[in-house]
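**Q** For reference, the file input_12.txt (compact mmCIF, C-alpha atoms) is included below:
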```txt
# COMPACT_ATOMS: atom_id res chain seq x y z
CA MET A 1046 -20.96 -2.17 -16.82
CA HIS A 1047 -23.30 -2.17 -17.86
CA ALA A 1048 -25.62 -1.91 -17.74
CA ALA A 1049 -24.61 -5.30 -16.53
CA LEU A 1050 -27.31 -5.12 -13.86
CA LEU A 1051 -30.02 -5.72 -16.44
CA PRO A 1052 -30.92 -9.19 -17.70
CA SER A 1053 -31.48 -7.89 -21.23
CA GLY A 1054 -27.82 -7.34 -21.95
CA SER A 1055 -24.90 -5.03 -21.25
CA ARG A 1056 -25.88 -2.61 -23.95
CA HIS A 1057 -29.61 -3.15 -24.44
CA TRP A 1058 -31.45 -1.34 -21.69
CA GLY A 1059 -34.85 -1.64 -23.31
CA PRO A 1060 -36.85 1.36 -24.56
CA THR A 1061 -35.35 4.76 -23.90
CA VAL A 1062 -35.78 5.74 -20.26
CA THR A 1063 -34.68 9.21 -19.31
CA GLY A 1064 -36.03 9.18 -15.79
CA ARG A 1065 -36.97 12.83 -15.55
CA SER A 1066 -36.15 15.12 -18.47
CA ASP A 1067 -34.90 18.66 -17.88
CA ASP A 1068 -38.11 20.19 -19.26
CA SER A 1069 -40.55 17.90 -17.46
CA GLY A 1070 -41.61 20.52 -14.94
CA HIS A 1071 -40.30 18.58 -11.92
CA ASP A 1072 -38.02 20.27 -9.44
CA PRO A 1073 -34.48 19.15 -10.45
CA ALA A 1074 -33.44 19.26 -6.82
CA GLU A 1075 -35.83 16.42 -6.05
CA PRO A 1076 -34.70 13.24 -7.84
CA ARG A 1077 -37.43 10.78 -8.65
CA ALA A 1078 -37.31 7.10 -9.47
CA PRO A 1079 -38.96 5.30 -12.40
CA ARG A 1080 -41.57 2.64 -11.79
CA ALA A 1081 -43.62 0.71 -14.32
CA GLU A 1082 -47.28 1.66 -14.52
CA PRO A 1083 -49.40 -1.50 -14.13
CA GLY A 1084 -51.63 -2.53 -17.00
CA SER A 1085 -49.91 -0.38 -19.61
CA PRO A 1086 -48.49 -1.87 -22.83
CA GLY A 1087 -44.75 -1.78 -23.21
CA LEU A 1088 -42.63 0.22 -20.80
CA ARG A 1089 -44.00 3.44 -19.40
CA VAL A 1090 -42.38 5.38 -16.64
CA ALA A 1091 -43.88 7.12 -13.65
CA PHE A 1092 -41.86 8.61 -10.82
CA GLU A 1093 -41.57 8.42 -7.08
CA PRO A 1094 -39.17 10.19 -4.68
CA ILE A 1095 -35.89 8.38 -4.12
CA ASP A 1096 -35.74 6.66 -0.77
CA ARG A 1097 -32.47 7.75 0.78
CA ARG A 1098 -32.46 5.12 3.55
CA GLY A 1099 -30.41 2.69 1.41
CA GLU A 1100 -27.21 3.31 -0.51
CA VAL A 1101 -27.62 3.97 -4.23
CA TYR A 1102 -25.16 2.53 -6.76
CA GLY A 1103 -24.43 4.04 -10.16
CA ALA A 1104 -23.54 2.52 -13.54
CA LEU A 1105 -22.73 4.69 -16.55
CA ASP A 1106 -22.08 3.35 -20.06
CA LEU A 1107 -20.69 5.86 -22.56
CA GLY A 1108 -20.98 4.12 -25.89
CA THR A 1109 -20.44 5.04 -29.50
CA ASN A 1110 -24.07 6.03 -29.98
CA ASN A 1111 -25.65 6.40 -26.52
CA CYS A 1112 -24.91 7.68 -23.06
CA ARG A 1113 -26.77 5.66 -20.42
CA LEU A 1114 -26.94 5.88 -16.66
CA LEU A 1115 -28.65 3.65 -14.10
CA LEU A 1116 -29.00 4.32 -10.39
CA ALA A 1117 -30.04 1.31 -8.35
CA ARG A 1118 -30.44 0.20 -4.77
CA PRO A 1119 -29.75 -3.36 -3.57
CA SER A 1120 -32.82 -5.46 -2.88
CA ARG A 1121 -33.51 -9.05 -1.93
CA ARG A 1122 -33.70 -10.01 -5.61
CA GLY A 1123 -30.69 -8.07 -6.80
CA PHE A 1124 -31.14 -4.37 -7.57
CA ARG A 1125 -34.09 -2.00 -7.86
CA VAL A 1126 -33.64 0.84 -10.34
CA VAL A 1127 -34.41 4.20 -8.76
CA ASP A 1128 -33.44 6.53 -11.60
CA ALA A 1129 -32.24 6.30 -15.19
CA PHE A 1130 -31.05 8.43 -18.07
CA SER A 1131 -30.43 7.72 -21.74
CA ARG A 1132 -29.51 10.06 -24.56
CA ILE A 1133 -28.29 9.50 -28.12
CA ILE A 1134 -25.06 11.48 -28.34
CA ARG A 1135 -23.38 9.87 -31.41
CA LEU A 1136 -19.95 10.23 -29.82
CA GLY A 1137 -18.37 7.94 -32.41
CA GLU A 1138 -19.78 9.81 -35.39
CA GLY A 1139 -17.09 9.91 -38.08
CA VAL A 1140 -14.42 8.14 -36.02
CA SER A 1141 -14.22 5.24 -38.47
CA GLN A 1142 -13.19 7.73 -41.18
CA SER A 1143 -11.18 10.36 -39.30
CA GLY A 1144 -9.82 8.36 -36.37
CA LYS A 1145 -10.79 11.21 -34.01
CA LEU A 1146 -13.76 12.32 -31.94
CA SER A 1147 -15.27 15.45 -33.50
CA ASP A 1148 -15.83 18.70 -31.60
CA PRO A 1149 -19.65 18.62 -32.03
CA ALA A 1150 -19.81 15.01 -30.83
CA MET A 1151 -17.69 15.79 -27.77
CA SER A 1152 -19.82 18.82 -26.93
CA ARG A 1153 -23.06 16.81 -27.18
CA THR A 1154 -21.59 14.12 -24.98
CA ILE A 1155 -20.36 16.50 -22.29
CA GLU A 1156 -23.81 18.07 -22.02
CA ALA A 1157 -25.31 14.60 -21.47
CA LEU A 1158 -22.64 13.73 -18.93
CA LYS A 1159 -23.40 16.90 -16.97
CA VAL A 1160 -26.95 15.59 -16.55
CA CYS A 1161 -25.54 12.26 -15.36
CA ALA A 1162 -23.22 14.00 -12.89
CA GLY A 1163 -26.17 15.90 -11.46
CA LYS A 1164 -28.17 12.72 -10.95
CA LEU A 1165 -25.23 10.96 -9.30
CA ASN A 1166 -24.68 13.88 -6.94
CA ARG A 1167 -28.34 14.29 -6.01
CA ALA A 1168 -28.63 10.58 -5.20
CA SER A 1169 -25.45 10.79 -3.07
CA VAL A 1170 -23.88 7.92 -5.02
CA ARG A 1171 -20.62 6.84 -3.43
CA ARG A 1172 -20.01 3.59 -5.32
CA SER A 1173 -20.22 3.56 -9.09
CA ARG A 1174 -18.58 2.32 -12.24
CA LEU A 1175 -18.34 4.72 -15.17
CA VAL A 1176 -17.07 3.25 -18.43
CA ALA A 1177 -16.46 4.29 -22.02
CA THR A 1178 -16.28 1.78 -24.84
CA GLU A 1179 -15.24 1.55 -28.50
CA ALA A 1180 -15.46 5.21 -29.54
CA CYS A 1181 -12.95 6.26 -26.89
CA ARG A 1182 -10.85 3.12 -27.44
CA ALA A 1183 -10.54 3.72 -31.18
CA ALA A 1184 -10.20 7.51 -31.30
CA SER A 1185 -6.72 8.98 -31.11
CA ASN A 1186 -8.05 11.73 -28.85
CA GLY A 1187 -10.21 9.43 -26.72
CA ARG A 1188 -8.07 9.71 -23.60
CA ASP A 1189 -7.75 13.49 -23.96
CA PHE A 1190 -11.54 13.70 -24.25
CA LEU A 1191 -12.04 11.79 -21.00
CA ASP A 1192 -9.58 14.13 -19.28
CA ARG A 1193 -11.76 17.00 -20.48
CA VAL A 1194 -14.87 15.20 -19.20
CA HIS A 1195 -13.27 14.89 -15.77
CA ALA A 1196 -12.33 18.56 -15.72
CA GLU A 1197 -15.79 19.79 -16.80
CA THR A 1198 -18.12 17.31 -15.07
CA GLY A 1199 -16.09 15.71 -12.29
CA LEU A 1200 -16.76 12.25 -13.73
CA ALA A 1201 -13.76 9.91 -14.03
CA LEU A 1202 -14.52 7.41 -16.78
CA GLU A 1203 -12.38 4.37 -17.55
CA ILE A 1204 -11.91 3.03 -21.05
CA LEU A 1205 -13.21 -0.51 -20.90
CA LYS A 1206 -10.97 -3.22 -22.32
CA PRO A 1207 -12.66 -5.49 -24.87
CA ALA A 1208 -12.20 -8.56 -22.65
CA ASP A 1209 -13.82 -6.79 -19.69
CA GLU A 1210 -16.65 -5.71 -21.98
CA ALA A 1211 -17.13 -9.37 -22.89
CA VAL A 1212 -17.42 -10.36 -19.22
CA LEU A 1213 -19.94 -7.58 -18.57
CA ALA A 1214 -21.94 -8.61 -21.64
CA VAL A 1215 -22.34 -12.10 -20.19
CA SER A 1216 -23.16 -10.65 -16.76
CA GLY A 1217 -25.95 -8.62 -18.28
CA CYS A 1218 -27.74 -11.55 -19.91
CA VAL A 1219 -26.69 -14.46 -17.72
CA THR A 1220 -30.19 -14.93 -16.27
CA LEU A 1221 -31.42 -15.67 -19.80
CA ILE A 1222 -28.94 -18.52 -20.31
CA ASP A 1223 -30.31 -22.05 -20.14
CA THR A 1224 -27.93 -23.64 -17.64
CA ARG A 1225 -28.80 -27.07 -19.04
CA ALA A 1226 -26.98 -26.18 -22.28
CA ASP A 1227 -23.47 -27.43 -22.89
CA TYR A 1228 -22.30 -24.38 -24.81
CA VAL A 1229 -23.64 -20.85 -25.33
CA LEU A 1230 -22.74 -18.10 -27.80
CA VAL A 1231 -23.40 -14.54 -26.57
CA PHE A 1232 -23.60 -11.55 -28.92
CA ASP A 1233 -23.18 -7.96 -27.73
CA ILE A 1234 -23.78 -5.65 -30.71
CA GLY A 1235 -22.99 -2.01 -30.04
CA GLY A 1236 -22.54 1.18 -32.00
CA GLY A 1237 -18.81 0.86 -32.66
CA SER A 1238 -17.89 -2.70 -31.73
CA SER A 1239 -19.47 -6.13 -31.35
CA GLU A 1240 -18.39 -8.80 -28.91
CA LEU A 1241 -18.92 -12.54 -29.45
CA ILE A 1242 -18.38 -14.81 -26.43
CA TRP A 1243 -18.31 -18.61 -26.55
CA LEU A 1244 -19.00 -20.26 -23.18
CA ASP A 1245 -18.44 -23.81 -21.98
CA VAL A 1246 -21.42 -23.69 -19.61
CA ARG A 1247 -20.84 -26.99 -17.82
CA ALA A 1248 -17.17 -26.25 -17.15
CA LEU A 1249 -17.86 -22.71 -15.98
CA SER A 1250 -20.80 -23.39 -13.69
CA GLY A 1251 -19.30 -26.53 -12.11
CA GLU A 1252 -21.25 -27.92 -9.16
CA GLN A 1253 -23.52 -24.85 -9.15
CA GLY A 1254 -24.89 -25.75 -12.55
CA SER A 1255 -28.37 -24.39 -11.86
CA ASP A 1256 -27.12 -20.99 -10.69
CA PRO A 1257 -26.64 -18.58 -13.63
CA SER A 1258 -24.33 -16.31 -11.63
CA ALA A 1259 -21.90 -19.23 -11.35
CA ILE A 1260 -21.19 -18.82 -15.08
CA VAL A 1261 -19.81 -15.30 -14.60
CA ASN A 1262 -17.83 -16.32 -11.52
CA GLY A 1263 -16.49 -19.27 -13.52
CA MET A 1264 -15.34 -16.93 -16.29
CA LEU A 1265 -13.24 -15.02 -13.78
CA ARG A 1266 -11.86 -18.15 -12.10
CA ASN A 1267 -11.36 -20.25 -15.25
CA PRO A 1268 -10.83 -17.82 -18.14
CA ASP A 1269 -9.55 -20.60 -20.39
CA LYS A 1270 -13.12 -21.99 -20.49
CA ALA A 1271 -14.44 -18.91 -22.31
CA MET A 1272 -13.34 -17.53 -25.67
CA TRP A 1273 -14.23 -14.17 -27.15
CA THR A 1274 -13.54 -11.79 -29.97
CA SER A 1275 -14.25 -8.09 -30.36
CA LEU A 1276 -14.96 -6.81 -33.86
CA PRO A 1277 -14.46 -3.08 -34.52
CA VAL A 1278 -17.83 -2.87 -36.21
CA GLY A 1279 -21.28 -1.92 -34.97
CA VAL A 1280 -24.50 -0.27 -36.07
CA VAL A 1281 -22.90 3.18 -36.35
CA THR A 1282 -19.79 2.10 -38.24
CA LEU A 1283 -21.81 -0.06 -40.64
CA ALA A 1284 -24.28 2.75 -41.29
CA GLU A 1285 -21.45 5.19 -42.00
CA LYS A 1286 -19.77 2.80 -44.41
CA PHE A 1287 -22.78 1.36 -46.24
CA GLY A 1288 -25.61 3.78 -45.50
CA GLY A 1289 -28.28 3.15 -42.88
CA ARG A 1290 -31.46 4.61 -44.32
CA THR A 1291 -31.89 2.49 -47.44
CA VAL A 1292 -30.60 -1.07 -47.34
CA THR A 1293 -30.76 -3.01 -50.58
CA PRO A 1294 -30.03 -6.73 -51.01
CA ALA A 1295 -26.69 -5.75 -52.52
CA SER A 1296 -25.69 -3.41 -49.68
CA TYR A 1297 -26.82 -5.95 -47.10
CA ARG A 1298 -24.65 -8.60 -48.78
CA ALA A 1299 -21.74 -6.15 -48.71
CA MET A 1300 -22.27 -5.63 -44.95
CA VAL A 1301 -22.26 -9.37 -44.35
CA ASP A 1302 -19.08 -9.85 -46.35
CA HIS A 1303 -17.42 -6.93 -44.55
CA VAL A 1304 -18.17 -8.38 -41.11
CA ALA A 1305 -17.26 -11.93 -42.15
CA ALA A 1306 -13.85 -10.72 -43.30
CA MET A 1307 -13.20 -9.31 -39.81
CA ILE A 1308 -13.97 -12.46 -37.85
CA ARG A 1309 -10.90 -14.22 -36.56
CA PRO A 1310 -10.66 -17.74 -35.12
CA PHE A 1311 -11.78 -17.71 -31.48
CA ASP A 1312 -8.66 -19.51 -30.31
CA GLU A 1313 -6.32 -16.81 -31.69
CA LYS A 1314 -5.38 -14.49 -28.80
CA HIS A 1315 -8.94 -14.24 -27.66
CA ARG A 1316 -9.16 -16.31 -24.53
CA LEU A 1317 -10.18 -14.49 -21.39
CA LYS A 1318 -6.98 -15.61 -19.70
CA ASP A 1319 -5.20 -13.04 -21.89
CA ARG A 1320 -7.23 -10.09 -20.57
```
Go ahead and express the file in the form of structure tokens.

**A**
Amino acid sequence: MHAALLPSGSRHWGPTVTGRSDDSGHDPAEPRAPRAEPGSPGLRVAFEPIDRRGEVYGALDLGTNNCRLLLARPSRRGFRVVDAFSRIIRLGEGVSQSGKLSDPAMSRTIEALKVCAGKLNRASVRRSRLVATEACRAASNGRDFLDRVHAETGLALEILKPADEAVLAVSGCVTLIDTRADYVLVFDIGGGSSELIWLDVRALSGEQGSDPSAIVNGMLRNPDKAMWTSLPVGVVTLAEKFGGRTVTPASYRAMVDHVAAMIRPFDEKHRLKDR
């Protein structure tokens, strides 16, 4: 998804960027784009009017803990972000215990998605990919919730398959991969699930060994050269099971043992050719 446009990973979009908040004082009818302020430590965001001369693309990632949206325009070096939104919605809160999305969590999420729908409409986005991940995959009412989202916001979200999430995770960090390496292990740790992807870099990149994008293309052409597994555990599910505020050596050891017990051999039904 996503989020796959960013080199820092499919889930990690850096510090929270909300573009323009509802109470910022800006006219909501005039979308503005974030730009980094030179000379400032970390990431700060200023805004400039969106240039409507080029088509804007949208990417929305509805995760277990966060709802994130990026709007970007193609440029010579890939994409230039023109607007962004991120909000902690805790959609997967309690799912690991109840198996269902709760009413408060769904209400919080729909309010965030209404903001996203407004940004997509104002930027006249015609091409986008809107995905939901582990919370909607695992919850028994996940599909019904997305039907409600469509009815109330107009957004049609797809539930991302774990194998597709693995491909997008690699897409998001592929520019960080040392193409001289023989093998690479990619981690994508989310709120409700974590993906681990083992890549045979030389076999995937082929003659275009110095081009990172060749790795992703190779995954799609030669899925037997990449292995993956998706664990139904993430920062939210671990915090709900073991507590997230105070972590003792004993509770940390229990977390490690819990995750280790979930890991299956990579060659057991986890090749990308099975996606």

**Q** Centre and edge lengths, as JSON, for the axis-aligned box enclosing every listed atom of range 1185-1204 of chain A with 4 Å of padding on each of the six sides, in Å to one decimal?

**A**
```
{"center_x": -12.4, "center_y": 11.4, "center_z": -21.7, "size_x": 19.4, "size_y": 24.8, "size_z": 26.8}
```

**Q** Kindly indicate which residue among A:His1195, A:Phe1190, A:Thr1178, A:Ile1204 lies nearest to Glu1240 in chain A, using only C-alpha atoms for the distances.

**A**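 The closest residue to Glu1240 in chain A is A:Thr1178.
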
**Q** Would you work out the distance separating CA of Asp1233 in chain A from CA of Val1261 in chain A, expressed in Å to one decimal?

**A**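 So the answer is 15.4 Å.
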
**Q** State, in Å with one decimal place, the distance from CA of Ala1211 in chain A to CA of Ile1308 in chain A.

**A**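 Pair CA of Ala1211 in chain A / CA of Ile1308 in chain A returns 15.6 Å.
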
**Q** Rank nothing, just name the residue among A:Asp1256, A:Asn1110, A:Leu1105, A:Ile1222 nearest to Met1151 in chain A, using all atoms listed in the file.

**A**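 Using all atoms listed in the file, Met1151 in chain A sits closest to A:Asn1110.
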
**Q** Can you spit out range 1272-1284 of chain A with all heavy atoms, as a PDB file, in the first residue's frame, from the structure just given?

**A**
```pdb
ATOM      1  N   MET A1272      10.349 -16.006   0.285  1.00  0.00           N
ATOM      2  CA  MET A1272       9.526 -16.724   1.256  1.00  0.00           C
ATOM      3  C   MET A1272       9.085 -15.740   2.334  1.00  0.00           C
ATOM      4  O   MET A1272       9.783 -14.787   2.635  1.00  0.00           O
ATOM      5  CB  MET A1272      10.300 -17.881   1.874  1.00  0.00           C
ATOM      6  CG  MET A1272      10.601 -18.999   0.879  1.00  0.00           C
ATOM      7  SD  MET A1272      11.473 -20.383   1.627  1.00  0.00           S
ATOM      8  CE  MET A1272      13.121 -19.684   1.789  1.00  0.00           C
ATOM      9  N   TRP A1273       7.923 -15.988   2.910  1.00  0.00           N
ATOM     10  CA  TRP A1273       7.373 -15.053   3.866  1.00  0.00           C
ATOM     11  C   TRP A1273       6.537 -15.788   4.905  1.00  0.00           C
ATOM     12  O   TRP A1273       6.128 -16.934   4.710  1.00  0.00           O
ATOM     13  CB  TRP A1273       6.494 -14.021   3.161  1.00  0.00           C
ATOM     14  CG  TRP A1273       5.274 -14.642   2.544  1.00  0.00           C
ATOM     15  CD1 TRP A1273       5.188 -15.284   1.338  1.00  0.00           C
ATOM     16  CD2 TRP A1273       3.989 -14.746   3.135  1.00  0.00           C
ATOM     17  NE1 TRP A1273       3.938 -15.764   1.134  1.00  0.00           N
ATOM     18  CE2 TRP A1273       3.166 -15.456   2.229  1.00  0.00           C
ATOM     19  CE3 TRP A1273       3.446 -14.309   4.339  1.00  0.00           C
ATOM     20  CZ2 TRP A1273       1.834 -15.728   2.485  1.00  0.00           C
ATOM     21  CZ3 TRP A1273       2.106 -14.580   4.596  1.00  0.00           C
ATOM     22  CH2 TRP A1273       1.319 -15.287   3.661  1.00  0.00           C
ATOM     23  N   THR A1274       6.302 -15.136   5.993  1.00  0.00           N
ATOM     24  CA  THR A1274       5.319 -15.617   6.957  1.00  0.00           C
ATOM     25  C   THR A1274       4.662 -14.410   7.600  1.00  0.00           C
ATOM     26  O   THR A1274       5.265 -13.339   7.706  1.00  0.00           O
ATOM     27  CB  THR A1274       5.959 -16.512   8.047  1.00  0.00           C
ATOM     28  OG1 THR A1274       4.919 -17.129   8.819  1.00  0.00           O
ATOM     29  CG2 THR A1274       6.866 -15.716   8.967  1.00  0.00           C
ATOM     30  N   SER A1275       3.408 -14.554   7.970  1.00  0.00           N
ATOM     31  CA  SER A1275       2.664 -13.489   8.624  1.00  0.00           C
ATOM     32  C   SER A1275       2.234 -14.002   9.991  1.00  0.00           C
ATOM     33  O   SER A1275       1.496 -14.988  10.099  1.00  0.00           O
ATOM     34  CB  SER A1275       1.441 -13.086   7.796  1.00  0.00           C
ATOM     35  OG  SER A1275       0.713 -12.054   8.440  1.00  0.00           O
ATOM     36  N   LEU A1276       2.707 -13.336  11.037  1.00  0.00           N
ATOM     37  CA  LEU A1276       2.354 -13.733  12.398  1.00  0.00           C
ATOM     38  C   LEU A1276       1.208 -12.858  12.896  1.00  0.00           C
ATOM     39  O   LEU A1276       1.268 -11.637  12.775  1.00  0.00           O
ATOM     40  CB  LEU A1276       3.556 -13.568  13.334  1.00  0.00           C
ATOM     41  CG  LEU A1276       4.858 -14.254  12.916  1.00  0.00           C
ATOM     42  CD1 LEU A1276       5.947 -13.959  13.935  1.00  0.00           C
ATOM     43  CD2 LEU A1276       4.651 -15.753  12.771  1.00  0.00           C
ATOM     44  N   PRO A1277       0.171 -13.441  13.477  1.00  0.00           N
ATOM     45  CA  PRO A1277      -0.954 -12.643  13.976  1.00  0.00           C
ATOM     46  C   PRO A1277      -0.628 -11.989  15.315  1.00  0.00           C
ATOM     47  O   PRO A1277      -1.335 -12.147  16.312  1.00  0.00           O
ATOM     48  CB  PRO A1277      -2.075 -13.685  14.111  1.00  0.00           C
ATOM     49  CG  PRO A1277      -1.346 -14.954  14.423  1.00  0.00           C
ATOM     50  CD  PRO A1277      -0.053 -14.885  13.629  1.00  0.00           C
ATOM     51  N   VAL A1278       0.454 -11.237  15.321  1.00  0.00           N
ATOM     52  CA  VAL A1278       0.888 -10.573  16.539  1.00  0.00           C
ATOM     53  C   VAL A1278       1.569  -9.264  16.164  1.00  0.00           C
ATOM     54  O   VAL A1278       2.303  -9.184  15.183  1.00  0.00           O
ATOM     55  CB  VAL A1278       1.857 -11.476  17.349  1.00  0.00           C
ATOM     56  CG1 VAL A1278       3.108 -11.791  16.543  1.00  0.00           C
ATOM     57  CG2 VAL A1278       2.236 -10.827  18.666  1.00  0.00           C
ATOM     58  N   GLY A1279       1.267  -8.222  16.930  1.00  0.00           N
ATOM     59  CA  GLY A1279       1.857  -6.915  16.683  1.00  0.00           C
ATOM     60  C   GLY A1279       1.900  -6.131  17.979  1.00  0.00           C
ATOM     61  O   GLY A1279       1.662  -6.671  19.068  1.00  0.00           O
ATOM     62  N   VAL A1280       2.186  -4.840  17.881  1.00  0.00           N
ATOM     63  CA  VAL A1280       2.356  -4.043  19.092  1.00  0.00           C
ATOM     64  C   VAL A1280       1.056  -3.938  19.900  1.00  0.00           C
ATOM     65  O   VAL A1280       1.080  -3.890  21.135  1.00  0.00           O
ATOM     66  CB  VAL A1280       2.909  -2.644  18.750  1.00  0.00           C
ATOM     67  CG1 VAL A1280       4.310  -2.752  18.185  1.00  0.00           C
ATOM     68  CG2 VAL A1280       1.997  -1.913  17.774  1.00  0.00           C
ATOM     69  N   VAL A1281      -0.086  -3.904  19.217  1.00  0.00           N
ATOM     70  CA  VAL A1281      -1.358  -3.808  19.929  1.00  0.00           C
ATOM     71  C   VAL A1281      -1.702  -5.124  20.613  1.00  0.00           C
ATOM     72  O   VAL A1281      -2.062  -5.162  21.795  1.00  0.00           O
ATOM     73  CB  VAL A1281      -2.493  -3.384  18.976  1.00  0.00           C
ATOM     74  CG1 VAL A1281      -3.852  -3.463  19.674  1.00  0.00           C
ATOM     75  CG2 VAL A1281      -2.256  -1.975  18.465  1.00  0.00           C
ATOM     76  N   THR A1282      -1.602  -6.225  19.875  1.00  0.00           N
ATOM     77  CA  THR A1282      -1.964  -7.518  20.445  1.00  0.00           C
ATOM     78  C   THR A1282      -1.026  -7.916  21.585  1.00  0.00           C
ATOM     79  O   THR A1282      -1.466  -8.494  22.583  1.00  0.00           O
ATOM     80  CB  THR A1282      -1.966  -8.601  19.361  1.00  0.00           C
ATOM     81  OG1 THR A1282      -0.711  -8.574  18.654  1.00  0.00           O
ATOM     82  CG2 THR A1282      -3.078  -8.354  18.354  1.00  0.00           C
ATOM     83  N   LEU A1283       0.259  -7.601  21.459  1.00  0.00           N
ATOM     84  CA  LEU A1283       1.184  -7.903  22.548  1.00  0.00           C
ATOM     85  C   LEU A1283       0.880  -7.061  23.786  1.00  0.00           C
ATOM     86  O   LEU A1283       0.934  -7.553  24.918  1.00  0.00           O
ATOM     87  CB  LEU A1283       2.624  -7.667  22.108  1.00  0.00           C
ATOM     88  CG  LEU A1283       3.283  -8.761  21.276  1.00  0.00           C
ATOM     89  CD1 LEU A1283       4.703  -8.351  20.889  1.00  0.00           C
ATOM     90  CD2 LEU A1283       3.316 -10.087  22.022  1.00  0.00           C
ATOM     91  N   ALA A1284       0.580  -5.781  23.563  1.00  0.00           N
ATOM     92  CA  ALA A1284       0.270  -4.907  24.695  1.00  0.00           C
ATOM     93  C   ALA A1284      -1.000  -5.354  25.407  1.00  0.00           C
ATOM     94  O   ALA A1284      -1.092  -5.297  26.641  1.00  0.00           O
ATOM     95  CB  ALA A1284       0.129  -3.465  24.217  1.00  0.00           C
TER      96      ALA A1284
END
```
